[in-house]
$ cat structure_35.pdb   # PDB, C-alpha atoms, pLDDT in the B column
ATOM      1  CA  MET B 208     -21.093  47.484   5.917  1.00 76.00           C
ATOM      2  CA  THR B 209     -20.473  44.038   7.328  1.00 87.00           C
ATOM      3  CA  LEU B 210     -17.440  42.660   9.122  1.00 92.00           C
ATOM      4  CA  TRP B 211     -15.997  39.193   8.697  1.00 94.00           C
ATOM      5  CA  PHE B 212     -13.317  38.275  11.237  1.00 94.00           C
ATOM      6  CA  ASN B 213     -11.527  34.918  10.990  1.00 96.00           C
ATOM      7  CA  LEU B 214      -9.457  32.827  13.360  1.00 95.00           C
ATOM      8  CA  LEU B 215      -7.008  30.277  12.013  1.00 95.00           C
ATOM      9  CA  CYS B 216      -7.610  27.209  14.180  1.00 93.00           C
ATOM     10  CA  ARG B 217      -6.401  23.697  14.832  1.00 93.00           C
ATOM     11  CA  ASP B 218      -9.945  22.388  15.473  1.00 95.00           C
ATOM     12  CA  VAL B 219     -12.522  24.394  13.524  1.00 96.00           C
ATOM     13  CA  GLU B 220     -15.543  22.486  14.855  1.00 96.00           C
ATOM     14  CA  ALA B 221     -14.482  22.774  18.506  1.00 97.00           C
ATOM     15  CA  GLN B 222     -13.709  26.478  18.182  1.00 97.00           C
ATOM     16  CA  MET B 223     -17.061  27.170  16.516  1.00 97.00           C
ATOM     17  CA  ALA B 224     -18.854  25.208  19.250  1.00 97.00           C
ATOM     18  CA  PHE B 225     -17.044  27.209  21.967  1.00 98.00           C
ATOM     19  CA  TYR B 226     -17.998  30.597  20.520  1.00 98.00           C
ATOM     20  CA  ALA B 227     -21.547  29.473  19.636  1.00 97.00           C
ATOM     21  CA  ARG B 228     -22.019  28.447  23.264  1.00 96.00           C
ATOM     22  CA  LEU B 229     -20.547  31.702  24.526  1.00 96.00           C
ATOM     23  CA  LEU B 230     -22.304  34.097  22.147  1.00 95.00           C
ATOM     24  CA  GLY B 231     -25.467  32.228  21.197  1.00 95.00           C
ATOM     25  CA  TRP B 232     -24.911  33.062  17.512  1.00 97.00           C
ATOM     26  CA  PRO B 233     -26.138  30.679  14.799  1.00 98.00           C
ATOM     27  CA  GLU B 234     -23.900  29.045  12.224  1.00 98.00           C
ATOM     28  CA  ALA B 235     -23.599  30.805   8.855  1.00 97.00           C
ATOM     29  CA  VAL B 236     -24.415  27.572   7.028  1.00 97.00           C
ATOM     30  CA  HIS B 237     -24.183  29.256   3.606  1.00 96.00           C
ATOM     31  CA  SER B 238     -20.463  29.916   4.238  1.00 95.00           C
ATOM     32  CA  ARG B 239     -19.572  26.359   5.253  1.00 96.00           C
ATOM     33  CA  SER B 240     -16.713  24.672   3.370  1.00 96.00           C
ATOM     34  CA  PRO B 241     -14.324  21.789   4.050  1.00 94.00           C
ATOM     35  CA  ILE B 242     -11.902  24.206   5.757  1.00 96.00           C
ATOM     36  CA  TYR B 243     -14.222  26.943   7.057  1.00 97.00           C
ATOM     37  CA  ARG B 244     -17.092  27.356   9.492  1.00 97.00           C
ATOM     38  CA  ALA B 245     -18.586  30.606  10.782  1.00 97.00           C
ATOM     39  CA  LEU B 246     -21.090  32.126  13.159  1.00 98.00           C
ATOM     40  CA  GLU B 247     -23.159  35.114  12.068  1.00 97.00           C
ATOM     41  CA  HIS B 248     -25.052  37.866  13.895  1.00 95.00           C
ATOM     42  CA  GLU B 249     -26.217  41.360  12.892  1.00 93.00           C
ATOM     43  CA  GLY B 250     -23.806  41.914  10.002  1.00 92.00           C
ATOM     44  CA  VAL B 251     -20.833  40.196  11.635  1.00 94.00           C
ATOM     45  CA  GLN B 252     -19.438  36.860  10.532  1.00 96.00           C
ATOM     46  CA  PHE B 253     -16.973  35.300  12.959  1.00 97.00           C
ATOM     47  CA  GLY B 254     -15.167  32.546  11.089  1.00 97.00           C
ATOM     48  CA  PHE B 255     -12.879  29.628  11.830  1.00 98.00           C
ATOM     49  CA  ASN B 256     -10.329  28.515   9.229  1.00 97.00           C
ATOM     50  CA  ALA B 257      -8.547  25.161   9.277  1.00 96.00           C
ATOM     51  CA  ALA B 258      -4.775  24.894   8.765  1.00 93.00           C
ATOM     52  CA  PRO B 259      -4.979  24.491   4.939  1.00 96.00           C
ATOM     53  CA  ALA B 260      -6.119  28.135   4.809  1.00 96.00           C
ATOM     54  CA  TYR B 261      -2.539  29.253   5.501  1.00 94.00           C
ATOM     55  CA  ALA B 262      -1.422  27.945   2.093  1.00 95.00           C
ATOM     56  CA  LEU B 263      -4.631  29.093   0.404  1.00 95.00           C
ATOM     57  CA  LEU B 264      -3.956  32.650   1.601  1.00 95.00           C
ATOM     58  CA  GLY B 265      -0.268  32.580   0.640  1.00 97.00           C
ATOM     59  CA  LEU B 266       0.752  32.383   4.293  1.00 95.00           C
ATOM     60  CA  ALA B 267       2.234  28.881   4.450  1.00 95.00           C
ATOM     61  CA  ASP B 268       5.528  30.274   5.760  1.00 94.00           C
ATOM     62  CA  ARG B 269       3.624  31.799   8.729  1.00 92.00           C
ATOM     63  CA  THR B 270       1.954  28.589   9.917  1.00 90.00           C
ATOM     64  CA  PRO B 271       2.555  28.538  13.682  1.00 88.00           C
ATOM     65  CA  ASP B 272       4.079  25.718  15.664  1.00 86.00           C
ATOM     66  CA  ALA B 273       1.045  23.783  16.919  1.00 81.00           C
ATOM     67  CA  THR B 274       2.638  23.306  20.350  1.00 83.00           C
ATOM     68  CA  ALA B 275       3.555  26.969  20.944  1.00 84.00           C
ATOM     69  CA  THR B 276       1.343  29.566  22.615  1.00 84.00           C
ATOM     70  CA  PRO B 277       0.243  31.926  19.832  1.00 80.00           C
ATOM     71  CA  PRO B 278       1.353  35.551  20.098  1.00 85.00           C
ATOM     72  CA  VAL B 279      -1.329  38.174  20.605  1.00 90.00           C
ATOM     73  CA  THR B 280      -1.318  40.400  17.544  1.00 89.00           C
ATOM     74  CA  ALA B 281      -5.066  41.106  17.409  1.00 92.00           C
ATOM     75  CA  TYR B 282      -8.141  40.350  19.453  1.00 95.00           C
ATOM     76  CA  ALA B 283     -11.890  40.672  19.095  1.00 95.00           C
ATOM     77  CA  THR B 284     -14.100  42.498  21.581  1.00 96.00           C
ATOM     78  CA  PHE B 285     -17.676  41.292  21.869  1.00 96.00           C
ATOM     79  CA  MET B 286     -19.877  44.122  23.137  1.00 96.00           C
ATOM     80  CA  LEU B 287     -22.602  42.663  25.318  1.00 97.00           C
ATOM     81  CA  ASP B 288     -25.741  44.414  26.544  1.00 96.00           C
ATOM     82  CA  THR B 289     -25.084  44.590  30.294  1.00 98.00           C
ATOM     83  CA  PRO B 290     -22.422  44.077  32.946  1.00 98.00           C
ATOM     84  CA  ASP B 291     -24.387  41.001  34.081  1.00 98.00           C
ATOM     85  CA  ALA B 292     -24.021  39.589  30.558  1.00 98.00           C
ATOM     86  CA  VAL B 293     -20.239  40.112  30.807  1.00 98.00           C
ATOM     87  CA  ASN B 294     -20.153  38.258  34.126  1.00 98.00           C
ATOM     88  CA  ALA B 295     -22.233  35.416  32.661  1.00 97.00           C
ATOM     89  CA  ALA B 296     -19.993  35.193  29.573  1.00 97.00           C
ATOM     90  CA  VAL B 297     -16.917  34.911  31.802  1.00 98.00           C
ATOM     91  CA  ARG B 298     -18.483  32.005  33.699  1.00 98.00           C
ATOM     92  CA  GLU B 299     -19.595  30.348  30.450  1.00 97.00           C
ATOM     93  CA  ALA B 300     -16.183  30.730  28.788  1.00 97.00           C
ATOM     94  CA  ALA B 301     -14.447  29.109  31.756  1.00 97.00           C
ATOM     95  CA  ALA B 302     -17.011  26.272  31.843  1.00 97.00           C
ATOM     96  CA  ALA B 303     -16.531  25.673  28.093  1.00 97.00           C
ATOM     97  CA  GLY B 304     -12.743  25.278  28.263  1.00 97.00           C
ATOM     98  CA  GLY B 305     -11.596  28.892  27.927  1.00 98.00           C
ATOM     99  CA  ARG B 306      -9.501  30.829  30.434  1.00 97.00           C
ATOM    100  CA  VAL B 307     -10.100  34.047  32.334  1.00 98.00           C
ATOM    101  CA  LEU B 308      -6.982  36.165  31.783  1.00 98.00           C
ATOM    102  CA  LYS B 309      -8.372  39.257  33.523  1.00 98.00           C
ATOM    103  CA  ALA B 310     -11.590  39.006  35.538  1.00 98.00           C
ATOM    104  CA  PRO B 311     -14.333  41.614  34.983  1.00 98.00           C
ATOM    105  CA  TYR B 312     -13.155  45.101  35.869  1.00 98.00           C
ATOM    106  CA  ALA B 313     -14.109  48.756  35.443  1.00 98.00           C
ATOM    107  CA  THR B 314     -12.202  50.546  32.689  1.00 98.00           C
ATOM    108  CA  TYR B 315     -11.276  54.211  32.872  1.00 97.00           C
ATOM    109  CA  TYR B 316     -13.638  54.813  29.941  1.00 97.00           C
ATOM    110  CA  GLY B 317     -16.638  53.441  31.826  1.00 97.00           C
ATOM    111  CA  GLN B 318     -16.988  49.909  30.455  1.00 98.00           C
ATOM    112  CA  TRP B 319     -17.266  46.624  32.359  1.00 98.00           C
ATOM    113  CA  GLN B 320     -14.810  44.300  30.677  1.00 98.00           C
ATOM    114  CA  ALA B 321     -12.999  40.962  30.947  1.00 98.00           C
ATOM    115  CA  VAL B 322     -10.105  39.460  29.000  1.00 98.00           C
ATOM    116  CA  LEU B 323     -10.449  35.792  28.085  1.00 98.00           C
ATOM    117  CA  SER B 324      -8.877  33.140  25.892  1.00 97.00           C
ATOM    118  CA  ASP B 325     -10.558  30.336  24.004  1.00 97.00           C
ATOM    119  CA  PRO B 326      -9.469  26.671  24.172  1.00 96.00           C
ATOM    120  CA  GLU B 327      -6.774  27.328  21.528  1.00 94.00           C
ATOM    121  CA  GLN B 328      -5.505  30.368  23.475  1.00 94.00           C
ATOM    122  CA  HIS B 329      -6.755  33.083  21.108  1.00 95.00           C
ATOM    123  CA  VAL B 330      -7.331  36.184  23.252  1.00 97.00           C
ATOM    124  CA  PHE B 331     -10.628  38.105  23.176  1.00 98.00           C
ATOM    125  CA  ARG B 332     -12.601  40.497  25.357  1.00 98.00           C
ATOM    126  CA  VAL B 333     -16.214  40.725  26.440  1.00 98.00           C
ATOM    127  CA  SER B 334     -17.416  44.159  27.428  1.00 98.00           C
ATOM    128  CA  ALA B 335     -20.514  46.194  28.265  1.00 98.00           C
ATOM    129  CA  ALA B 336     -20.804  49.928  27.624  1.00 98.00           C
ATOM    130  CA  SER B 337     -21.855  50.551  31.240  1.00 98.00           C
ATOM    131  CA  LEU B 338     -20.673  49.673  34.726  1.00 98.00           C
ATOM    132  CA  PRO B 339     -22.526  47.716  37.403  1.00 98.00           C
ATOM    133  CA  PRO B 340     -24.484  49.899  39.860  1.00 97.00           C
ATOM    134  CA  GLY B 341     -22.187  51.468  42.428  1.00 97.00           C
ATOM    135  CA  VAL B 342     -18.967  50.780  40.487  1.00 97.00           C
ATOM    136  CA  ALA B 343     -16.924  53.810  39.462  1.00 96.00           C
ATOM    137  CA  PRO B 344     -14.638  53.985  36.409  1.00 97.00           C
ATOM    138  CA  ALA B 345     -10.988  53.188  37.027  1.00 96.00           C
ATOM    139  CA  PRO B 346      -8.565  56.126  37.205  1.00 95.00           C
ATOM    140  CA  ARG B 347      -7.179  57.291  33.864  1.00 95.00           C
ATOM    141  CA  PRO B 348      -3.709  55.934  33.157  1.00 90.00           C
ATOM    142  CA  ALA B 349      -0.894  58.449  33.522  1.00 87.00           C
TER     143      ALA B 349
END

$ encode --input "structure_35.pdb" --output "C-alpha coordinates"
Amino acid sequence: MTLWFNLLCRDVEAQMAFYARLLGWPEAVHSRSPIYRALEHEGVQFGFNAAPAYALLGLADRTPDATATPPVTAYATFMLDTPDAVNAAVREAAAAGGRVLKAPYATYYGQWQAVLSDPEQHVFRVSAASLPPGVAPAPRPA
(Lines of atoms letter the chains of each structure in order from A and count residues from 1; the text may use other names and numbers.)
(Lines give C-alpha, C1' and ligand atoms only; values in the text may rest on other atoms or scores of the structure.)
Protein backbone atom coordinates (compact mmCIF):
# COMPACT_ATOMS: atom_id res chain seq x y z
CA MET A 1 0.00 0.00 0.00
CA THR A 2 1.09 3.56 -0.64
CA LEU A 3 -0.19 6.79 0.85
CA TRP A 4 -0.68 10.05 -1.01
CA PHE A 5 -1.43 13.04 1.22
CA ASN A 6 -2.14 16.45 -0.34
CA LEU A 7 -2.15 20.00 0.93
CA LEU A 8 -4.17 22.66 -0.86
CA CYS A 9 -1.80 25.63 -1.04
CA ARG A 10 -1.55 29.23 -2.14
CA ASP A 11 2.06 28.81 -3.36
CA VAL A 12 2.72 25.24 -4.49
CA GLU A 13 6.39 25.81 -5.36
CA ALA A 14 7.21 27.51 -2.04
CA GLN A 15 5.42 24.84 -0.02
CA MET A 16 7.22 22.04 -1.87
CA ALA A 17 10.56 23.79 -1.33
CA PHE A 18 9.84 24.13 2.42
CA TYR A 19 9.03 20.45 2.90
CA ALA A 20 11.85 19.29 0.59
CA ARG A 21 14.28 21.28 2.73
CA LEU A 22 12.81 19.91 5.94
CA LEU A 23 12.47 16.26 4.92
CA GLY A 24 15.14 15.85 2.25
CA TRP A 25 12.66 14.03 -0.01
CA PRO A 26 13.00 14.26 -3.81
CA GLU A 27 10.32 15.62 -6.10
CA ALA A 28 7.96 13.07 -7.68
CA VAL A 29 8.61 14.52 -11.13
CA HIS A 30 6.30 11.97 -12.81
CA SER A 31 3.34 13.48 -10.91
CA ARG A 32 4.04 17.10 -11.84
CA SER A 33 1.19 19.07 -13.46
CA PRO A 34 0.30 22.75 -13.86
CA ILE A 35 -1.52 22.67 -10.50
CA TYR A 36 0.31 19.91 -8.61
CA ARG A 37 3.77 19.15 -7.28
CA ALA A 38 4.78 16.38 -4.88
CA LEU A 39 7.61 14.90 -2.87
CA GLU A 40 8.01 11.14 -2.64
CA HIS A 41 9.74 8.77 -0.21
CA GLU A 42 9.29 5.07 0.62
CA GLY A 43 5.73 4.67 -0.66
CA VAL A 44 4.51 8.08 0.49
CA GLN A 45 3.70 10.95 -1.83
CA PHE A 46 3.25 14.30 -0.11
CA GLY A 47 1.57 16.61 -2.60
CA PHE A 48 0.80 20.29 -3.01
CA ASN A 49 -2.29 21.38 -4.95
CA ALA A 50 -2.86 24.89 -6.28
CA ALA A 51 -6.17 26.71 -5.77
CA PRO A 52 -7.76 25.44 -9.05
CA ALA A 53 -7.84 21.98 -7.44
CA TYR A 54 -10.78 23.08 -5.28
CA ALA A 55 -13.02 23.32 -8.36
CA LEU A 56 -11.48 20.23 -9.94
CA LEU A 57 -12.41 18.21 -6.83
CA GLY A 58 -15.92 19.66 -6.59
CA LEU A 59 -14.94 21.72 -3.56
CA ALA A 60 -15.17 25.25 -4.97
CA ASP A 61 -17.64 26.24 -2.25
CA ARG A 62 -15.02 25.28 0.39
CA THR A 63 -12.19 27.47 -0.93
CA PRO A 64 -10.85 29.26 2.15
CA ASP A 65 -10.40 32.98 2.56
CA ALA A 66 -6.75 33.54 1.62
CA THR A 67 -6.28 36.01 4.49
CA ALA A 68 -7.73 33.79 7.24
CA THR A 69 -5.77 31.34 9.38
CA PRO A 70 -6.83 27.87 8.20
CA PRO A 71 -8.59 25.65 10.74
CA VAL A 72 -6.81 22.50 11.84
CA THR A 73 -8.91 19.57 10.69
CA ALA A 74 -6.04 17.16 9.93
CA TYR A 75 -2.29 17.08 10.25
CA ALA A 76 0.57 14.89 9.10
CA THR A 77 3.13 13.36 11.44
CA PHE A 78 6.57 12.70 10.00
CA MET A 79 8.26 9.91 11.95
CA LEU A 80 11.98 10.60 12.08
CA ASP A 81 14.72 8.20 13.14
CA THR A 82 15.95 9.83 16.35
CA PRO A 83 15.17 12.54 18.89
CA ASP A 84 18.17 14.46 17.51
CA ALA A 85 16.53 14.38 14.07
CA VAL A 86 13.37 15.88 15.62
CA ASN A 87 15.40 18.66 17.21
CA ALA A 88 17.18 19.34 13.90
CA ALA A 89 13.87 19.39 11.99
CA VAL A 90 12.47 21.95 14.43
CA ARG A 91 15.47 24.22 13.86
CA GLU A 92 15.26 23.73 10.09
CA ALA A 93 11.51 24.42 9.95
CA ALA A 94 11.94 27.68 11.86
CA ALA A 95 14.87 28.72 9.63
CA ALA A 96 12.81 27.96 6.50
CA GLY A 97 9.84 30.16 7.47
CA GLY A 98 7.76 27.73 9.54
CA ARG A 99 6.72 28.18 13.17
CA VAL A 100 7.29 26.10 16.28
CA LEU A 101 3.86 25.71 17.89
CA LYS A 102 5.04 23.29 20.59
CA ALA A 103 8.77 22.73 21.12
CA PRO A 104 10.09 19.14 21.37
CA TYR A 105 8.61 17.31 24.33
CA ALA A 106 8.22 13.81 25.77
CA THR A 107 4.82 12.24 25.14
CA TYR A 108 3.16 9.87 27.58
CA TYR A 109 3.54 7.13 24.96
CA GLY A 110 7.32 7.50 24.84
CA GLN A 111 7.88 9.58 21.70
CA TRP A 112 9.91 12.78 21.29
CA GLN A 113 7.67 15.13 19.36
CA ALA A 114 7.18 18.73 18.22
CA VAL A 115 4.23 20.54 16.68
CA LEU A 116 5.05 22.91 13.82
CA SER A 117 3.38 24.90 11.07
CA ASP A 118 4.61 25.57 7.56
CA PRO A 119 4.76 29.04 5.96
CA GLU A 120 1.05 28.79 5.01
CA GLN A 121 0.14 27.76 8.58
CA HIS A 122 -0.70 24.10 7.89
CA VAL A 123 0.00 22.22 11.13
CA PHE A 124 2.19 19.10 11.22
CA ARG A 125 4.26 17.12 13.70
CA VAL A 126 7.73 15.63 13.67
CA SER A 127 8.29 12.73 16.01
CA ALA A 128 10.74 9.97 16.93
CA ALA A 129 9.67 6.64 18.43
CA SER A 130 12.14 7.05 21.31
CA LEU A 131 13.09 9.66 23.88
CA PRO A 132 16.45 11.35 24.37
CA PRO A 133 18.70 9.65 26.96
CA GLY A 134 17.62 10.51 30.48
CA VAL A 135 14.18 11.84 29.48
CA ALA A 136 11.17 10.04 30.94
CA PRO A 137 7.74 9.81 29.28
CA ALA A 138 5.21 12.43 30.35
CA PRO A 139 2.50 11.35 32.80
CA ARG A 140 -0.59 9.80 31.22
CA PRO A 141 -3.46 12.25 30.88
CA ALA A 142 -6.29 11.76 33.35

$ closest_residue --input "structure_35.pdb" --among "B:Ala300, B:Val342, B:Leu215, B:Ala336" --to "B:Ala273" --atoms "all atoms listed in the file"
B:Leu215

$ resolve_selection --input "structure_35.pdb" --expression "the PyMOL selection byres ((chain B and resi 237-242) around 8)" --output "list in words"
Val219, Ala235, Val236, Tyr243, Arg244, Ala245, Asn256, Ala257, Ala258, Pro259 and Ala260 of chain B

$ residues_around --input "structure_35.pdb" --residues "stretch 317-322 of chain B" --least-positions-apart "6" --cutoff "9 Å" --atoms "only C-alpha atoms" --output "ChimeraX atom specification"
/B:284,289-290,293-294,297,306-311,330-339,343-345

$ atom_distance --input "structure_35.pdb" --atom1 "atom CA of B:Gly341" --atom2 "atom CA of B:Phe285"
23.4 Å

$ axis_aligned_box --input "structure_35.pdb" --around "stretch 273-291 of chain B" --padding-each-side "3 Å" --output "JSON"
{"center_x": -11.1, "center_y": 33.9, "center_z": 25.5, "size_x": 35.3, "size_y": 27.3, "size_z": 23.2}

$ closest_residue --input "structure_35.pdb" --among "B:Leu246, B:Ala301, B:Ala313, B:Ala267" --to "B:Asp325" --atoms "only C-alpha atoms"
B:Ala301

$ closest_residue --input "structure_35.pdb" --among "B:Ala302, B:Leu214, B:Ala275, B:Ala292" --to "B:Phe253" --atoms "all atoms listed in the file"
B:Leu214

$ closest_residue --input "structure_35.pdb" --among "B:Tyr261, B:Tyr316, B:Glu247, B:Ala283" --to "B:Met223" --atoms "all atoms listed in the file"
B:Glu247

$ atom_distance --input "structure_35.pdb" --atom1 "atom CA of B:Asp272" --atom2 "atom CA of B:Phe212"
21.9 Å

$ atom_distance --input "structure_35.pdb" --atom1 "atom CA of B:Pro326" --atom2 "atom CA of B:Gln222"
7.3 Å

$ closest_residue --input "structure_35.pdb" --among "B:Pro340, B:Pro348, B:Trp232, B:Tyr226" --to "B:Asp291" --atoms "all atoms listed in the file"
B:Pro340

$ residues_around --input "structure_35.pdb" --residues "B:Thr276" --least-positions-apart "4" --cutoff "9 Å" --atoms "all atoms listed in the file" --output "ChimeraX atom specification"
/B:272,327-329

$ closest_residue --input "structure_35.pdb" --among "B:Asp268, B:Trp211, B:Arg228, B:Pro277" --to "B:Ala303" --atoms "all atoms listed in the file"
B:Arg228
